[in-house]
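All remarks here apply to the structure that follows.
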Amino acid sequence: MQEVLSTLYTSLPYILGGCIVTVGSVTLALALGLVLGVPMAVAQVYGNKLVRFLVGVYVWFFRGTPILVLLFLLYFGIFWPLFQLSAFISSCIVLGLTSAAYQSQIFRGAIQSMPSGQLKASRALGMTDCSGISFIILPQAMRLALPGWSNEFSILLKDSALIYLLGASDIMARIHQMADSTQMHFTFSLLAGVLYFMITIVGLRLLRRFERKIYIPGYQHS
């Protein structure tokens with residue numbers, strides 16, 4: 001037991017370095033998904049038939065294709081032999097594009113839950129549809145979507161456990177290295193589970209705090 005604890009203690013700084021890579025990839029992917037997901041949600045609600053069809057195809061493709069397949073396609077196939085993206089960048093792009101498909105549906109539901117009269121009222125005030133959506137609909141919809149959007153963080157975190165297969169030096173990559181070198185596979189796998197659990201708890205608590213911060217007391221939509 002003492003030997004196990006000593007091994008964990010000496011290897012912990014190295015493994016914690018992988019937490020930075022994991023959290024970084026998840027954060028960048030979540031941001032990319034947000035930047036792409038919100039316009040796609042707006043397009044699905046207010047766009048013409050062609051735009052809605054194209055967004056629907058995008059959502060269908062990324063929701064129906066396994067993350068691992070997408071990782072291999074981007075890292076080994078799409079840009080080769082012109083150049084090859086790093087494992088970290090490839091991971092962020094794939095996770096972000098996939099997250100955008102899911103986030104678009106979260107925001108689409110929030111936008112559709114808004115009263116249709118608000119957009120009509122903005123037109124009556126002389127605002128364009130773009131201004132009405134940007135300054136009236138979306139600020140309210142984003143607040144309503146935040147609880148569901150927060151769950152996307154934990155989903156991305158679990159999906160990020162696959163990026164070590166590309167060679168990214170994340171938690172799982174370092175866990176595998178230490179487990180192979182010490183033959184303590186169960187112990188290090190348990191450590192990986194604890195680290196992912198702790199990151200999830202901390203991330204969700206921060207998001208819940210942000211949710212409470214932007215909450216408008218007494219606000220309800222009908």
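Please note that chains go A, B, ... in the order of the structure tokens, that every chain numbers its residues from 1, and that ligands are numbered from 1 in the order shown.
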If you count only C-alpha atoms, which residues fall within 12 Å of Val69 in chain A, apart from same-chain ones fewer than 3 positions away, as a VMD selection string?
chain A and resid 61 to 62 64 to 66 72 to 77 91 94 to 95 98 162 to 163 165 to 166
Which residues of range 78-185 of chain A come within 10 Å of range 10-33 of chain A, and what is each one's closest atom pair and distance in Å (one decimal), counting only C-alpha atoms, sorted by chain and residue number, as a tab-separated table?
residue	atom	partner	partner_atom	distance
A:Phe88	CA	A:Ser25	CA	7.0
A:Ile89	CA	A:Ser25	CA	8.1
A:Ser90	CA	A:Ser25	CA	9.7
A:Ser91	CA	A:Ser25	CA	7.0
A:Cys92	CA	A:Ala29	CA	5.0
A:Ile93	CA	A:Ala29	CA	6.6
A:Val94	CA	A:Ala29	CA	7.9
A:Leu95	CA	A:Ala29	CA	5.4
A:Gly96	CA	A:Ala29	CA	3.8
A:Leu97	CA	A:Gly33	CA	6.0
A:Thr98	CA	A:Gly33	CA	7.4
A:Ser99	CA	A:Gly33	CA	5.0
A:Ala100	CA	A:Gly33	CA	3.8
A:Ala101	CA	A:Gly33	CA	7.5
A:Tyr102	CA	A:Gly33	CA	8.3
A:Gln103	CA	A:Gly33	CA	6.5
A:Ser104	CA	A:Gly33	CA	8.2
A:Trp149	CA	A:Leu30	CA	9.5
A:Ser150	CA	A:Leu30	CA	9.9
A:Glu152	CA	A:Leu30	CA	7.8
A:Phe153	CA	A:Leu30	CA	6.9
A:Ser154	CA	A:Val26	CA	9.1
A:Ile155	CA	A:Val26	CA	9.5
A:Leu156	CA	A:Val26	CA	6.1
A:Leu157	CA	A:Val26	CA	6.0
A:Lys158	CA	A:Val26	CA	9.4
A:Asp159	CA	A:Val26	CA	9.0
A:Ser160	CA	A:Thr22	CA	6.8
A:Ala161	CA	A:Thr22	CA	8.0
A:Ile163	CA	A:Thr22	CA	8.8
A:Tyr164	CA	A:Thr22	CA	9.7
A:Ala168	CA	A:Val21	CA	7.9
A:Ser169	CA	A:Gly18	CA	6.0
A:Asp170	CA	A:Gly18	CA	4.1
A:Ile171	CA	A:Gly18	CA	4.3
A:Met172	CA	A:Gly18	CA	7.8
A:Ala173	CA	A:Gly18	CA	7.8
A:Arg174	CA	A:Ile15	CA	5.6
A:Ile175	CA	A:Ile15	CA	6.6
A:His176	CA	A:Ile15	CA	10.0
A:Gln177	CA	A:Ile15	CA	9.6
A:Met178	CA	A:Ser11	CA	7.4
Taking C-alpha atoms for each residue, export the selection above as a PDB file, in the first residue's frame.
ATOM      1  CA  PHE A  88      -4.571  19.259 -29.811  1.00  0.00           C
ATOM      2  CA  ILE A  89      -5.891  21.551 -32.561  1.00  0.00           C
ATOM      3  CA  SER A  90      -7.561  18.633 -34.363  1.00  0.00           C
ATOM      4  CA  SER A  91      -9.241  17.594 -31.139  1.00  0.00           C
ATOM      5  CA  CYS A  92     -10.528  21.098 -30.418  1.00  0.00           C
ATOM      6  CA  ILE A  93     -11.925  21.455 -33.940  1.00  0.00           C
ATOM      7  CA  VAL A  94     -13.692  18.079 -33.945  1.00  0.00           C
ATOM      8  CA  LEU A  95     -15.102  18.500 -30.448  1.00  0.00           C
ATOM      9  CA  GLY A  96     -16.151  22.061 -31.267  1.00  0.00           C
ATOM     10  CA  LEU A  97     -17.885  21.162 -34.536  1.00  0.00           C
ATOM     11  CA  THR A  98     -19.692  18.281 -32.869  1.00  0.00           C
ATOM     12  CA  SER A  99     -20.678  20.424 -29.914  1.00  0.00           C
ATOM     13  CA  ALA A 100     -22.020  23.071 -32.301  1.00  0.00           C
ATOM     14  CA  ALA A 101     -24.541  20.553 -33.610  1.00  0.00           C
ATOM     15  CA  TYR A 102     -25.819  19.842 -30.111  1.00  0.00           C
ATOM     16  CA  GLN A 103     -25.648  23.440 -28.920  1.00  0.00           C
ATOM     17  CA  SER A 104     -27.636  24.591 -31.943  1.00  0.00           C
ATOM     18  CA  TRP A 149     -25.928  24.479 -22.258  1.00  0.00           C
ATOM     19  CA  SER A 150     -24.075  23.842 -18.993  1.00  0.00           C
ATOM     20  CA  GLU A 152     -22.693  20.314 -22.707  1.00  0.00           C
ATOM     21  CA  PHE A 153     -19.539  20.951 -20.671  1.00  0.00           C
ATOM     22  CA  SER A 154     -19.741  17.577 -18.934  1.00  0.00           C
ATOM     23  CA  ILE A 155     -20.552  15.840 -22.231  1.00  0.00           C
ATOM     24  CA  LEU A 156     -17.537  17.407 -23.946  1.00  0.00           C
ATOM     25  CA  LEU A 157     -15.337  16.517 -21.005  1.00  0.00           C
ATOM     26  CA  LYS A 158     -16.238  12.843 -21.354  1.00  0.00           C
ATOM     27  CA  ASP A 159     -15.780  12.950 -25.133  1.00  0.00           C
ATOM     28  CA  SER A 160     -12.341  14.517 -24.674  1.00  0.00           C
ATOM     29  CA  ALA A 161     -11.110  11.264 -23.121  1.00  0.00           C
ATOM     30  CA  ILE A 163      -8.214  12.632 -27.854  1.00  0.00           C
ATOM     31  CA  TYR A 164      -5.251  10.746 -26.412  1.00  0.00           C
ATOM     32  CA  ALA A 168      -2.585  14.628 -27.323  1.00  0.00           C
ATOM     33  CA  SER A 169      -0.926  14.717 -23.924  1.00  0.00           C
ATOM     34  CA  ASP A 170      -4.153  14.881 -21.936  1.00  0.00           C
ATOM     35  CA  ILE A 171      -5.194  13.100 -18.739  1.00  0.00           C
ATOM     36  CA  MET A 172      -5.821   9.739 -20.374  1.00  0.00           C
ATOM     37  CA  ALA A 173      -2.556   9.788 -22.313  1.00  0.00           C
ATOM     38  CA  ARG A 174      -0.544  10.361 -19.154  1.00  0.00           C
ATOM     39  CA  ILE A 175      -2.622   7.870 -17.192  1.00  0.00           C
ATOM     40  CA  HIS A 176      -1.895   5.205 -19.804  1.00  0.00           C
ATOM     41  CA  GLN A 177       1.814   5.997 -19.751  1.00  0.00           C
ATOM     42  CA  MET A 178       2.048   5.682 -15.989  1.00  0.00           C
TER      43      MET A 178
END
Smallest atom-to-atom distance to Ile137 in chain A: which of A:Leu85, A:Leu5, A:Val38, A:Ile199, using only C-alpha atoms?
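The shortest atom-to-atom distance to Ile137 in chain A comes from A:Val38.
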Nearest to Ile136 in chain A: which of A:Gly117, A:Asn151, A:Phe83, A:Phe186 is it, counting only C-alpha atoms?
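The answer is A:Gly117, which sits nearest to Ile136 in chain A.
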Using Å and a single decimal, report how far CA of Ile214 in chain A sits from CA of Pro39 in chain A.
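That distance, rounded to one decimal, is 21.4 Å.
Using only C-alpha atoms, the contacts of Pro147 in chain A at a cut-off of 10 Å, with sequence neighbours closer than 6 positions omitted, comprise Ile106, Leu204, Leu207, Arg208 and Glu211 of chain A.
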For all heavy atoms, I'd like the residues from the last selection saved as a tab-separated table (two decimals), in the first residue's frame.
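Once everything was written out, this is out06.tsv:
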chain	number	residue	atom	x	y	z
A	106	ILE	N	-29.98	23.11	-28.55
A	106	ILE	CA	-30.30	23.71	-27.24
A	106	ILE	C	-30.81	25.13	-27.42
A	106	ILE	O	-31.85	25.51	-26.87
A	106	ILE	CB	-29.05	23.70	-26.34
A	106	ILE	CG1	-28.63	22.26	-26.02
A	106	ILE	CG2	-29.32	24.47	-25.05
A	106	ILE	CD1	-27.31	22.16	-25.28
A	204	LEU	N	-19.16	22.59	-13.46
A	204	LEU	CA	-20.61	22.79	-13.34
A	204	LEU	C	-20.95	23.80	-12.26
A	204	LEU	O	-21.89	24.58	-12.39
A	204	LEU	CB	-21.30	21.45	-13.06
A	204	LEU	CG	-21.30	20.45	-14.22
A	204	LEU	CD1	-22.01	19.16	-13.82
A	204	LEU	CD2	-21.97	21.05	-15.46
A	207	LEU	N	-20.40	27.22	-13.71
A	207	LEU	CA	-21.47	27.55	-14.64
A	207	LEU	C	-22.77	27.85	-13.91
A	207	LEU	O	-23.53	28.73	-14.30
A	207	LEU	CB	-21.66	26.41	-15.64
A	207	LEU	CG	-20.54	26.23	-16.66
A	207	LEU	CD1	-20.71	24.94	-17.44
A	207	LEU	CD2	-20.49	27.41	-17.62
A	208	ARG	N	-23.05	27.11	-12.84
A	208	ARG	CA	-24.26	27.37	-12.05
A	208	ARG	C	-24.17	28.75	-11.39
A	208	ARG	O	-25.16	29.47	-11.28
A	208	ARG	CB	-24.43	26.30	-10.98
A	208	ARG	CG	-24.75	24.92	-11.52
A	208	ARG	CD	-26.16	24.84	-12.11
A	208	ARG	NE	-26.46	23.49	-12.54
A	208	ARG	CZ	-26.29	23.01	-13.76
A	208	ARG	NH1	-25.77	23.82	-14.69
A	208	ARG	NH2	-26.60	21.78	-14.07
A	211	GLU	N	-24.93	31.19	-13.97
A	211	GLU	CA	-26.37	31.16	-14.24
A	211	GLU	C	-27.13	32.00	-13.21
A	211	GLU	O	-28.04	32.76	-13.56
A	211	GLU	CB	-26.86	29.71	-14.21
A	211	GLU	CG	-28.34	29.56	-14.48
A	211	GLU	CD	-28.79	28.12	-14.38
A	211	GLU	OE1	-27.92	27.22	-14.40
A	211	GLU	OE2	-30.01	27.88	-14.27
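Comparing A:Met127, A:Met142, A:Met40, A:Leu8 by their smallest distance to Val57 in chain A, the closest is A:Met40 (using only C-alpha atoms).
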